[in-house]
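Report on one structure; see the data block that follows.
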Amino acid sequence: VLFHPTFPAEEFQKQQQQTLTRIAARKANPQAEVLALWTTQLPETTPFSRTVLGTAESVSKLSIADAREFHRTYFAPNNMVIAVYGDIDPQAMLKTLEERFGGYAKSDVSFPDFAKAHFSKESESVVLKNQQQGTSMVLMSYPSVSVHAEKERAALQVLSGVLTGGGGAGGRLFEELRGARLVYYVFGFEMTGPPPGYYLFMAQTRPETANEVAERIQSNIAKIRSEGIPAEELKATQQKLIAQESLRNTTPGEQAFQAALNELYGLGYDYDAGYAQRINDVTSDDVQAVVAKFFTHPLVITTQPEGAE
């Protein structure tokens, strides 16, 4: 299956149509829709300007020959990471893997040399029409770092914890904006990889309050830039992040998946073991430094339904 796929025409066409259907369905989901719109506003030089699903135009053009060429280039032993977790004999498993996968030809696969950092030269605001009546999305993005910027990523994670709860409900923005009944939800997340990525804030609100939500997010960032984080709040955030991390990747499947990704990115399969130390090492000055360095020129996208001001 891995090295000798047959690419039957009927199955290829079925998958192609399913993908086109999923692309069309993004307009019915406010989050998916605004993220797809966001990618269209990014510089073409960043790979984050492409969506994982692609566009209707790009997917419609795909052929079986394209799939075969992609497979020939990237599905090769020298471009593989295999993680095996469970009740196994490691030496016997290694022997089996070498016998099964080691005999296939290597590929001349190569990847672009990505920039080490990227910055916005100016702030930008874009208002786009959505398909949802009575609702508005606010998406605010800031250029940030790659997966290899260990110290800065840890500071970003602490910043995210303070502002948005670190991937869960809570944080300053949730308490302020939900408390003022300005949003249905608000959260922040990092989107990154081998090239430098972005940190994004996303909120769902009403058309008439979209601008206020964007302004309040920016004012909260500015407050941390100027005042830092109180010691007690910093410690509580670190403890919460570490507790959340301990609840992730608890099954063998989740652990294998994360270890394989970490190894693939060059971080090392056991990278997650150092998470608690990296988070505890973050200081208020570290957080202020990443805010000053990266959180200065946002791309702010709001979506408004037809007819809204």
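We name chains A, B, ... following the order of the structure tokens; residues begin at 1 in each chain, and ligands are numbered from 1 as shown.
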Could you give me, as a list in words, each residue of region 164-280 of chain A that DSSP assigns to strand (DSSP E) when run on this structure's backbone?
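Selection result, strand (DSSP E) within region 164-280 of chain A: Val183, Tyr184, Tyr185, Val186, Phe187, Gly188, Phe189, Glu190, Met191, Tyr198, Tyr199, Leu200, Phe201, Met202, Ala203, Gln204 and Thr205 of chain A.
Of the listed residues (A:Lys116, A:Arg181, A:Arg26, A:His297), A:Lys116 comes nearest to Ala149 (chain A); the distances count only C-alpha atoms.
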Contacts of Phe7 (chain A) at 9 Å or less, counting only C-alpha atoms, minus same-chain residues fewer than 4 places along, as a ChimeraX atom specification?
/A:11-12,64,67-68
Could you dump the residues just selected with N, CA and C atoms as an mmCIF file, in the first residue's frame?
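selection39.cif written:
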data_model
loop_
_atom_site.group_PDB
_atom_site.id
_atom_site.type_symbol
_atom_site.label_atom_id
_atom_site.label_comp_id
_atom_site.auth_asym_id
_atom_site.auth_seq_id
_atom_site.Cartn_x
_atom_site.Cartn_y
_atom_site.Cartn_z
ATOM 1 N N GLU A 11 -11.391 5.667 -7.859
ATOM 2 C CA GLU A 11 -11.119 6.110 -6.490
ATOM 3 C C GLU A 11 -10.528 7.524 -6.486
ATOM 4 N N PHE A 12 -9.660 7.809 -7.457
ATOM 5 C CA PHE A 12 -9.073 9.145 -7.550
ATOM 6 C C PHE A 12 -10.170 10.186 -7.740
ATOM 7 N N ILE A 64 -4.175 11.965 -12.038
ATOM 8 C CA ILE A 64 -3.514 10.777 -11.496
ATOM 9 C C ILE A 64 -2.002 10.888 -11.691
ATOM 10 N N ALA A 67 -0.521 12.767 -8.871
ATOM 11 C CA ALA A 67 -0.438 11.956 -7.658
ATOM 12 C C ALA A 67 0.741 10.983 -7.735
ATOM 13 N N ARG A 68 0.929 10.374 -8.883
ATOM 14 C CA ARG A 68 2.055 9.438 -9.051
ATOM 15 C C ARG A 68 3.395 10.151 -8.879
#
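Distances to Arg278 (chain A) were evaluated for A:Arg153, A:Lys121, A:Arg50, A:Arg225 using only C-alpha atoms, and the minimum falls at A:Arg153.
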Spatial neighbours of region 35-44 of chain A, 10 Å, only C-alpha atoms, chain gap at least 4 places, as a count of residues only:
30
Going by DSSP on the backbone, which residues of region 39-144 of chain A come out as helix (DSSP H, G or I)? List them as a ChimeraX atom specification.
/A:39,47-49,56-61,64-74,77-79,90-101
Taking only C-alpha atoms into account, which of A:Tyr269, A:Tyr142, A:Tyr184, A:Phe201 comes nearest Pro298 (chain A)?
A:Tyr142
Close residues, Ser110 (chain A) itself excluded, 12 Å, only C-alpha atoms, min 2 positions apart in chain, as a PyMOL selection string
chain A and resi 73-74+76+78-79+106-108+112-113
Would you mind listing what lies within 12 Å of Ile279 (chain A) as a PDB file with all heavy atoms, in the first residue's frame, with only C-alpha atoms counted and same-chain residues fewer than 2 positions away left out?
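Result saved to result_17.pdb:
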ATOM      1  N   GLU A 150      13.079  27.730  19.948  1.00  0.00           N
ATOM      2  CA  GLU A 150      12.606  27.091  21.183  1.00  0.00           C
ATOM      3  C   GLU A 150      12.234  28.103  22.264  1.00  0.00           C
ATOM      4  O   GLU A 150      11.133  28.039  22.836  1.00  0.00           O
ATOM      5  CB  GLU A 150      13.687  26.145  21.697  1.00  0.00           C
ATOM      6  CG  GLU A 150      13.299  25.331  22.892  1.00  0.00           C
ATOM      7  CD  GLU A 150      14.385  24.326  23.261  1.00  0.00           C
ATOM      8  OE1 GLU A 150      14.529  23.324  22.532  1.00  0.00           O
ATOM      9  OE2 GLU A 150      15.080  24.546  24.274  1.00  0.00           O
ATOM     10  N   LYS A 151      13.110  29.034  22.564  1.00  0.00           N
ATOM     11  CA  LYS A 151      12.859  29.966  23.661  1.00  0.00           C
ATOM     12  C   LYS A 151      11.702  30.900  23.326  1.00  0.00           C
ATOM     13  O   LYS A 151      10.835  31.168  24.169  1.00  0.00           O
ATOM     14  CB  LYS A 151      14.121  30.767  23.960  1.00  0.00           C
ATOM     15  CG  LYS A 151      13.966  31.716  25.143  1.00  0.00           C
ATOM     16  CD  LYS A 151      15.281  32.397  25.494  1.00  0.00           C
ATOM     17  CE  LYS A 151      15.095  33.326  26.693  1.00  0.00           C
ATOM     18  NZ  LYS A 151      16.370  34.008  27.081  1.00  0.00           N
ATOM     19  N   GLU A 152      11.670  31.407  22.099  1.00  0.00           N
ATOM     20  CA  GLU A 152      10.611  32.338  21.714  1.00  0.00           C
ATOM     21  C   GLU A 152       9.255  31.634  21.645  1.00  0.00           C
ATOM     22  O   GLU A 152       8.230  32.211  22.003  1.00  0.00           O
ATOM     23  CB  GLU A 152      10.953  32.993  20.372  1.00  0.00           C
ATOM     24  CG  GLU A 152      12.091  33.997  20.503  1.00  0.00           C
ATOM     25  CD  GLU A 152      12.578  34.516  19.165  1.00  0.00           C
ATOM     26  OE1 GLU A 152      12.686  33.716  18.219  1.00  0.00           O
ATOM     27  OE2 GLU A 152      12.855  35.723  19.067  1.00  0.00           O
ATOM     28  N   ARG A 153       9.238  30.377  21.218  1.00  0.00           N
ATOM     29  CA  ARG A 153       7.979  29.640  21.186  1.00  0.00           C
ATOM     30  C   ARG A 153       7.443  29.425  22.598  1.00  0.00           C
ATOM     31  O   ARG A 153       6.236  29.490  22.834  1.00  0.00           O
ATOM     32  CB  ARG A 153       8.153  28.296  20.486  1.00  0.00           C
ATOM     33  CG  ARG A 153       8.222  28.389  18.976  1.00  0.00           C
ATOM     34  CD  ARG A 153       8.076  27.028  18.348  1.00  0.00           C
ATOM     35  NE  ARG A 153       6.714  26.535  18.464  1.00  0.00           N
ATOM     36  CZ  ARG A 153       6.396  25.240  18.499  1.00  0.00           C
ATOM     37  NH1 ARG A 153       7.343  24.319  18.478  1.00  0.00           N
ATOM     38  NH2 ARG A 153       5.139  24.878  18.580  1.00  0.00           N
ATOM     39  N   ALA A 154       8.324  29.146  23.552  1.00  0.00           N
ATOM     40  CA  ALA A 154       7.886  28.967  24.934  1.00  0.00           C
ATOM     41  C   ALA A 154       7.273  30.269  25.462  1.00  0.00           C
ATOM     42  O   ALA A 154       6.226  30.249  26.133  1.00  0.00           O
ATOM     43  CB  ALA A 154       9.052  28.527  25.810  1.00  0.00           C
ATOM     44  N   ALA A 155       7.896  31.393  25.148  1.00  0.00           N
ATOM     45  CA  ALA A 155       7.347  32.679  25.580  1.00  0.00           C
ATOM     46  C   ALA A 155       6.003  32.947  24.914  1.00  0.00           C
ATOM     47  O   ALA A 155       5.078  33.482  25.544  1.00  0.00           O
ATOM     48  CB  ALA A 155       8.339  33.796  25.257  1.00  0.00           C
ATOM     49  N   LEU A 156       5.862  32.571  23.636  1.00  0.00           N
ATOM     50  CA  LEU A 156       4.585  32.717  22.937  1.00  0.00           C
ATOM     51  C   LEU A 156       3.499  31.878  23.589  1.00  0.00           C
ATOM     52  O   LEU A 156       2.344  32.298  23.704  1.00  0.00           O
ATOM     53  CB  LEU A 156       4.735  32.298  21.473  1.00  0.00           C
ATOM     54  CG  LEU A 156       5.361  33.316  20.517  1.00  0.00           C
ATOM     55  CD1 LEU A 156       5.630  32.661  19.164  1.00  0.00           C
ATOM     56  CD2 LEU A 156       4.453  34.517  20.350  1.00  0.00           C
ATOM     57  N   GLN A 157       3.863  30.686  24.031  1.00  0.00           N
ATOM     58  CA  GLN A 157       2.887  29.811  24.676  1.00  0.00           C
ATOM     59  C   GLN A 157       2.425  30.389  26.008  1.00  0.00           C
ATOM     60  O   GLN A 157       1.239  30.284  26.368  1.00  0.00           O
ATOM     61  CB  GLN A 157       3.487  28.412  24.844  1.00  0.00           C
ATOM     62  CG  GLN A 157       3.593  27.662  23.512  1.00  0.00           C
ATOM     63  CD  GLN A 157       4.569  26.502  23.548  1.00  0.00           C
ATOM     64  OE1 GLN A 157       5.372  26.366  24.470  1.00  0.00           O
ATOM     65  NE2 GLN A 157       4.515  25.657  22.528  1.00  0.00           N
ATOM     66  N   VAL A 158       3.323  30.994  26.747  1.00  0.00           N
ATOM     67  CA  VAL A 158       2.934  31.635  27.999  1.00  0.00           C
ATOM     68  C   VAL A 158       2.051  32.849  27.715  1.00  0.00           C
ATOM     69  O   VAL A 158       1.030  33.065  28.389  1.00  0.00           O
ATOM     70  CB  VAL A 158       4.174  32.039  28.815  1.00  0.00           C
ATOM     71  CG1 VAL A 158       3.772  32.888  30.024  1.00  0.00           C
ATOM     72  CG2 VAL A 158       4.928  30.796  29.280  1.00  0.00           C
ATOM     73  N   LEU A 159       2.414  33.645  26.707  1.00  0.00           N
ATOM     74  CA  LEU A 159       1.577  34.773  26.311  1.00  0.00           C
ATOM     75  C   LEU A 159       0.178  34.293  25.946  1.00  0.00           C
ATOM     76  O   LEU A 159      -0.829  34.883  26.356  1.00  0.00           O
ATOM     77  CB  LEU A 159       2.202  35.497  25.119  1.00  0.00           C
ATOM     78  CG  LEU A 159       1.347  36.595  24.474  1.00  0.00           C
ATOM     79  CD1 LEU A 159       1.174  37.770  25.427  1.00  0.00           C
ATOM     80  CD2 LEU A 159       1.979  37.061  23.163  1.00  0.00           C
ATOM     81  N   SER A 160       0.099  33.207  25.183  1.00  0.00           N
ATOM     82  CA  SER A 160      -1.188  32.639  24.798  1.00  0.00           C
ATOM     83  C   SER A 160      -1.976  32.200  26.019  1.00  0.00           C
ATOM     84  O   SER A 160      -3.196  32.386  26.097  1.00  0.00           O
ATOM     85  CB  SER A 160      -0.966  31.445  23.856  1.00  0.00           C
ATOM     86  OG  SER A 160      -2.186  30.913  23.415  1.00  0.00           O
ATOM     87  N   GLY A 161      -1.284  31.614  26.993  1.00  0.00           N
ATOM     88  CA  GLY A 161      -1.953  31.195  28.219  1.00  0.00           C
ATOM     89  C   GLY A 161      -2.548  32.356  28.987  1.00  0.00           C
ATOM     90  O   GLY A 161      -3.660  32.276  29.500  1.00  0.00           O
ATOM     91  N   GLY A 166      -4.398  29.377  26.792  1.00  0.00           N
ATOM     92  CA  GLY A 166      -3.501  28.358  26.259  1.00  0.00           C
ATOM     93  C   GLY A 166      -4.208  27.251  25.504  1.00  0.00           C
ATOM     94  O   GLY A 166      -3.870  26.076  25.636  1.00  0.00           O
ATOM     95  N   LEU A 234       1.818  34.916  36.206  1.00  0.00           N
ATOM     96  CA  LEU A 234       2.770  34.165  35.390  1.00  0.00           C
ATOM     97  C   LEU A 234       2.903  32.731  35.901  1.00  0.00           C
ATOM     98  O   LEU A 234       2.834  31.764  35.124  1.00  0.00           O
ATOM     99  CB  LEU A 234       4.135  34.860  35.412  1.00  0.00           C
ATOM    100  CG  LEU A 234       5.276  34.130  34.697  1.00  0.00           C
ATOM    101  CD1 LEU A 234       5.001  34.023  33.195  1.00  0.00           C
ATOM    102  CD2 LEU A 234       6.615  34.843  34.947  1.00  0.00           C
ATOM    103  N   LYS A 235       3.056  32.569  37.207  1.00  0.00           N
ATOM    104  CA  LYS A 235       3.213  31.236  37.791  1.00  0.00           C
ATOM    105  C   LYS A 235       1.961  30.394  37.584  1.00  0.00           C
ATOM    106  O   LYS A 235       2.047  29.207  37.222  1.00  0.00           O
ATOM    107  CB  LYS A 235       3.517  31.369  39.286  1.00  0.00           C
ATOM    108  CG  LYS A 235       3.892  30.051  39.946  1.00  0.00           C
ATOM    109  CD  LYS A 235       5.188  29.506  39.357  1.00  0.00           C
ATOM    110  CE  LYS A 235       5.602  28.213  40.040  1.00  0.00           C
ATOM    111  NZ  LYS A 235       6.828  27.635  39.413  1.00  0.00           N
ATOM    112  N   ALA A 236       0.799  30.983  37.786  1.00  0.00           N
ATOM    113  CA  ALA A 236      -0.455  30.245  37.610  1.00  0.00           C
ATOM    114  C   ALA A 236      -0.627  29.804  36.156  1.00  0.00           C
ATOM    115  O   ALA A 236      -1.091  28.689  35.877  1.00  0.00           O
ATOM    116  CB  ALA A 236      -1.636  31.109  38.045  1.00  0.00           C
ATOM    117  N   THR A 237      -0.230  30.667  35.232  1.00  0.00           N
ATOM    118  CA  THR A 237      -0.333  30.333  33.807  1.00  0.00           C
ATOM    119  C   THR A 237       0.612  29.199  33.453  1.00  0.00           C
ATOM    120  O   THR A 237       0.237  28.263  32.723  1.00  0.00           O
ATOM    121  CB  THR A 237      -0.014  31.570  32.943  1.00  0.00           C
ATOM    122  OG1 THR A 237      -0.937  32.609  33.250  1.00  0.00           O
ATOM    123  CG2 THR A 237      -0.089  31.228  31.469  1.00  0.00           C
ATOM    124  N   GLN A 238       1.827  29.253  33.961  1.00  0.00           N
ATOM    125  CA  GLN A 238       2.792  28.176  33.702  1.00  0.00           C
ATOM    126  C   GLN A 238       2.279  26.845  34.224  1.00  0.00           C
ATOM    127  O   GLN A 238       2.359  25.812  33.543  1.00  0.00           O
ATOM    128  CB  GLN A 238       4.143  28.527  34.339  1.00  0.00           C
ATOM    129  CG  GLN A 238       4.846  29.680  33.639  1.00  0.00           C
ATOM    130  CD  GLN A 238       6.020  30.221  34.436  1.00  0.00           C
ATOM    131  OE1 GLN A 238       5.948  30.337  35.675  1.00  0.00           O
ATOM    132  NE2 GLN A 238       7.099  30.564  33.755  1.00  0.00           N
ATOM    133  N   GLN A 239       1.732  26.842  35.423  1.00  0.00           N
ATOM    134  CA  GLN A 239       1.206  25.604  36.006  1.00  0.00           C
ATOM    135  C   GLN A 239       0.038  25.061  35.189  1.00  0.00           C
ATOM    136  O   GLN A 239      -0.086  23.849  34.979  1.00  0.00           O
ATOM    137  CB  GLN A 239       0.776  25.854  37.450  1.00  0.00           C
ATOM    138  CG  GLN A 239       1.940  26.116  38.397  1.00  0.00           C
ATOM    139  CD  GLN A 239       1.486  26.514  39.792  1.00  0.00           C
ATOM    140  OE1 GLN A 239       0.338  26.922  40.012  1.00  0.00           O
ATOM    141  NE2 GLN A 239       2.390  26.426  40.757  1.00  0.00           N
ATOM    142  N   LYS A 240      -0.815  25.958  34.702  1.00  0.00           N
ATOM    143  CA  LYS A 240      -1.960  25.534  33.894  1.00  0.00           C
ATOM    144  C   LYS A 240      -1.499  24.927  32.579  1.00  0.00           C
ATOM    145  O   LYS A 240      -2.007  23.879  32.153  1.00  0.00           O
ATOM    146  CB  LYS A 240      -2.884  26.725  33.632  1.00  0.00           C
ATOM    147  CG  LYS A 240      -4.116  26.373  32.814  1.00  0.00           C
ATOM    148  CD  LYS A 240      -5.015  27.576  32.606  1.00  0.00           C
ATOM    149  CE  LYS A 240      -6.250  27.209  31.791  1.00  0.00           C
ATOM    150  NZ  LYS A 240      -7.152  28.380  31.589  1.00  0.00           N
ATOM    151  N   LEU A 241      -0.536  25.564  31.923  1.00  0.00           N
ATOM    152  CA  LEU A 241      -0.028  25.051  30.651  1.00  0.00           C
ATOM    153  C   LEU A 241       0.603  23.670  30.814  1.00  0.00           C
ATOM    154  O   LEU A 241       0.395  22.770  29.994  1.00  0.00           O
ATOM    155  CB  LEU A 241       0.989  26.023  30.058  1.00  0.00           C
ATOM    156  CG  LEU A 241       0.449  27.358  29.550  1.00  0.00           C
ATOM    157  CD1 LEU A 241       1.610  28.279  29.162  1.00  0.00           C
ATOM    158  CD2 LEU A 241      -0.480  27.153  28.362  1.00  0.00           C
ATOM    159  N   ILE A 242       1.369  23.499  31.873  1.00  0.00           N
ATOM    160  CA  ILE A 242       2.041  22.219  32.123  1.00  0.00           C
ATOM    161  C   ILE A 242       1.010  21.136  32.423  1.00  0.00           C
ATOM    162  O   ILE A 242       1.128  19.992  31.964  1.00  0.00           O
ATOM    163  CB  ILE A 242       3.069  22.367  33.260  1.00  0.00           C
ATOM    164  CG1 ILE A 242       4.222  23.267  32.802  1.00  0.00           C
ATOM    165  CG2 ILE A 242       3.599  21.002  33.695  1.00  0.00           C
ATOM    166  CD1 ILE A 242       5.146  23.707  33.907  1.00  0.00           C
ATOM    167  N   ALA A 243      -0.028  21.498  33.176  1.00  0.00           N
ATOM    168  CA  ALA A 243      -1.096  20.533  33.469  1.00  0.00           C
ATOM    169  C   ALA A 243      -1.837  20.140  32.187  1.00  0.00           C
ATOM    170  O   ALA A 243      -2.153  18.965  31.972  1.00  0.00           O
ATOM    171  CB  ALA A 243      -2.074  21.117  34.486  1.00  0.00           C
ATOM    172  N   GLU A 245      -0.640  20.147  29.171  1.00  0.00           N
ATOM    173  CA  GLU A 245       0.256  19.331  28.352  1.00  0.00           C
ATOM    174  C   GLU A 245       0.296  17.886  28.844  1.00  0.00           C
ATOM    175  O   GLU A 245       0.361  16.952  28.050  1.00  0.00           O
ATOM    176  CB  GLU A 245       1.670  19.940  28.373  1.00  0.00           C
ATOM    177  CG  GLU A 245       2.701  19.147  27.589  1.00  0.00           C
ATOM    178  CD  GLU A 245       2.431  19.146  26.089  1.00  0.00           C
ATOM    179  OE1 GLU A 245       1.669  20.013  25.603  1.00  0.00           O
ATOM    180  OE2 GLU A 245       3.005  18.279  25.396  1.00  0.00           O
ATOM    181  N   ASP A 272       9.076  16.556  23.649  1.00  0.00           N
ATOM    182  CA  ASP A 272       8.005  16.919  24.575  1.00  0.00           C
ATOM    183  C   ASP A 272       8.406  16.739  26.036  1.00  0.00           C
ATOM    184  O   ASP A 272       7.815  17.354  26.926  1.00  0.00           O
ATOM    185  CB  ASP A 272       6.748  16.099  24.288  1.00  0.00           C
ATOM    186  CG  ASP A 272       5.950  16.684  23.127  1.00  0.00           C
ATOM    187  OD1 ASP A 272       6.483  17.570  22.434  1.00  0.00           O
ATOM    188  OD2 ASP A 272       4.807  16.255  22.916  1.00  0.00           O
ATOM    189  N   ALA A 273       9.391  15.896  26.293  1.00  0.00           N
ATOM    190  CA  ALA A 273       9.812  15.652  27.676  1.00  0.00           C
ATOM    191  C   ALA A 273      10.357  16.916  28.335  1.00  0.00           C
ATOM    192  O   ALA A 273      10.345  17.045  29.564  1.00  0.00           O
ATOM    193  CB  ALA A 273      10.863  14.545  27.719  1.00  0.00           C
ATOM    194  N   GLY A 274      10.822  17.863  27.534  1.00  0.00           N
ATOM    195  CA  GLY A 274      11.376  19.099  28.091  1.00  0.00           C
ATOM    196  C   GLY A 274      10.386  20.239  28.156  1.00  0.00           C
ATOM    197  O   GLY A 274      10.776  21.382  28.475  1.00  0.00           O
ATOM    198  N   TYR A 275       9.097  19.959  27.902  1.00  0.00           N
ATOM    199  CA  TYR A 275       8.095  21.024  27.839  1.00  0.00           C
ATOM    200  C   TYR A 275       8.002  21.798  29.158  1.00  0.00           C
ATOM    201  O   TYR A 275       8.037  23.037  29.157  1.00  0.00           O
ATOM    202  CB  TYR A 275       6.731  20.439  27.488  1.00  0.00           C
ATOM    203  CG  TYR A 275       5.629  21.475  27.417  1.00  0.00           C
ATOM    204  CD1 TYR A 275       5.424  22.219  26.261  1.00  0.00           C
ATOM    205  CD2 TYR A 275       4.792  21.725  28.515  1.00  0.00           C
ATOM    206  CE1 TYR A 275       4.420  23.184  26.195  1.00  0.00           C
ATOM    207  CE2 TYR A 275       3.793  22.681  28.459  1.00  0.00           C
ATOM    208  CZ  TYR A 275       3.610  23.402  27.297  1.00  0.00           C
ATOM    209  OH  TYR A 275       2.619  24.358  27.237  1.00  0.00           O
ATOM    210  N   ALA A 276       7.864  21.097  30.269  1.00  0.00           N
ATOM    211  CA  ALA A 276       7.685  21.760  31.563  1.00  0.00           C
ATOM    212  C   ALA A 276       8.860  22.695  31.885  1.00  0.00           C
ATOM    213  O   ALA A 276       8.661  23.830  32.350  1.00  0.00           O
ATOM    214  CB  ALA A 276       7.504  20.728  32.674  1.00  0.00           C
ATOM    215  N   GLN A 277      10.073  22.242  31.597  1.00  0.00           N
ATOM    216  CA  GLN A 277      11.242  23.066  31.880  1.00  0.00           C
ATOM    217  C   GLN A 277      11.257  24.311  31.006  1.00  0.00           C
ATOM    218  O   GLN A 277      11.554  25.419  31.483  1.00  0.00           O
ATOM    219  CB  GLN A 277      12.526  22.253  31.644  1.00  0.00           C
ATOM    220  CG  GLN A 277      13.803  22.973  32.063  1.00  0.00           C
ATOM    221  CD  GLN A 277      13.847  23.254  33.557  1.00  0.00           C
ATOM    222  OE1 GLN A 277      13.694  22.350  34.363  1.00  0.00           O
ATOM    223  NE2 GLN A 277      14.042  24.517  33.939  1.00  0.00           N
ATOM    224  N   ASP A 281      10.937  28.156  32.542  1.00  0.00           N
ATOM    225  CA  ASP A 281      12.076  29.062  32.364  1.00  0.00           C
ATOM    226  C   ASP A 281      11.659  30.430  31.822  1.00  0.00           C
ATOM    227  O   ASP A 281      12.462  31.368  31.830  1.00  0.00           O
ATOM    228  CB  ASP A 281      13.097  28.440  31.404  1.00  0.00           C
ATOM    229  CG  ASP A 281      13.902  27.327  32.055  1.00  0.00           C
ATOM    230  OD1 ASP A 281      13.872  27.219  33.292  1.00  0.00           O
ATOM    231  OD2 ASP A 281      14.538  26.552  31.307  1.00  0.00           O
ATOM    232  N   VAL A 282      10.417  30.554  31.352  1.00  0.00           N
ATOM    233  CA  VAL A 282       9.966  31.817  30.754  1.00  0.00           C
ATOM    234  C   VAL A 282       9.769  32.866  31.840  1.00  0.00           C
ATOM    235  O   VAL A 282       9.140  32.615  32.872  1.00  0.00           O
ATOM    236  CB  VAL A 282       8.646  31.612  29.980  1.00  0.00           C
ATOM    237  CG1 VAL A 282       8.086  32.951  29.484  1.00  0.00           C
ATOM    238  CG2 VAL A 282       8.864  30.671  28.800  1.00  0.00           C
ATOM    239  N   THR A 283      10.281  34.041  31.577  1.00  0.00           N
ATOM    240  CA  THR A 283      10.109  35.167  32.499  1.00  0.00           C
ATOM    241  C   THR A 283       9.170  36.204  31.882  1.00  0.00           C
ATOM    242  O   THR A 283       8.882  36.174  30.686  1.00  0.00           O
ATOM    243  CB  THR A 283      11.453  35.844  32.799  1.00  0.00           C
ATOM    244  OG1 THR A 283      11.944  36.456  31.588  1.00  0.00           O
ATOM    245  CG2 THR A 283      12.483  34.835  33.311  1.00  0.00           C
ATOM    246  N   SER A 284       8.740  37.135  32.698  1.00  0.00           N
ATOM    247  CA  SER A 284       7.911  38.224  32.191  1.00  0.00           C
ATOM    248  C   SER A 284       8.657  39.028  31.135  1.00  0.00           C
ATOM    249  O   SER A 284       8.077  39.451  30.116  1.00  0.00           O
ATOM    250  CB  SER A 284       7.481  39.142  33.343  1.00  0.00           C
ATOM    251  OG  SER A 284       6.739  40.245  32.869  1.00  0.00           O
ATOM    252  N   ASP A 286      10.826  37.855  29.060  1.00  0.00           N
ATOM    253  CA  ASP A 286      10.816  37.070  27.827  1.00  0.00           C
ATOM    254  C   ASP A 286       9.524  37.308  27.039  1.00  0.00           C
ATOM    255  O   ASP A 286       9.543  37.443  25.808  1.00  0.00           O
ATOM    256  CB  ASP A 286      10.942  35.572  28.128  1.00  0.00           C
ATOM    257  CG  ASP A 286      12.284  35.189  28.715  1.00  0.00           C
ATOM    258  OD1 ASP A 286      13.283  35.887  28.422  1.00  0.00           O
ATOM    259  OD2 ASP A 286      12.339  34.196  29.469  1.00  0.00           O
ATOM    260  N   VAL A 287       8.407  37.344  27.759  1.00  0.00           N
ATOM    261  CA  VAL A 287       7.116  37.560  27.106  1.00  0.00           C
ATOM    262  C   VAL A 287       7.058  38.963  26.513  1.00  0.00           C
ATOM    263  O   VAL A 287       6.627  39.162  25.371  1.00  0.00           O
ATOM    264  CB  VAL A 287       5.958  37.335  28.090  1.00  0.00           C
ATOM    265  CG1 VAL A 287       4.619  37.640  27.418  1.00  0.00           C
ATOM    266  CG2 VAL A 287       5.971  35.895  28.610  1.00  0.00           C
TER     267      VAL A 287
END
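If only C-alpha atoms are the atoms counted, then among A:Glu215, A:Glu306, A:Glu176, A:Glu10 the closest residue to Ser63 (chain A) is A:Glu10.
Separating CA of Leu173 (chain A) from CA of Asn249 (chain A) is a distance of 27.1 Å.
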CA of Ala289 (chain A) and CA of Glu175 (chain A), how far apart in Å?
24.5 Å
Rounded to one decimal in Å, what is the spacing between CA of Thr135 (chain A) and CA of Gly165 (chain A)?
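Result for CA of Thr135 (chain A) versus CA of Gly165 (chain A): 23.7 Å, one decimal.
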Name all residues at most 7 Å from Pro77 (chain A) (count only C-alpha atoms; drop same-chain ones fewer than 4 positions away) and give them as a ChimeraX atom specification.
/A:101-102,104,106
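The nearest approach to Ser123 (chain A) among the residues A:Phe187, A:Leu94, A:Lys223, A:Gln218, with only C-alpha atoms taken into account, belongs to A:Gln218.
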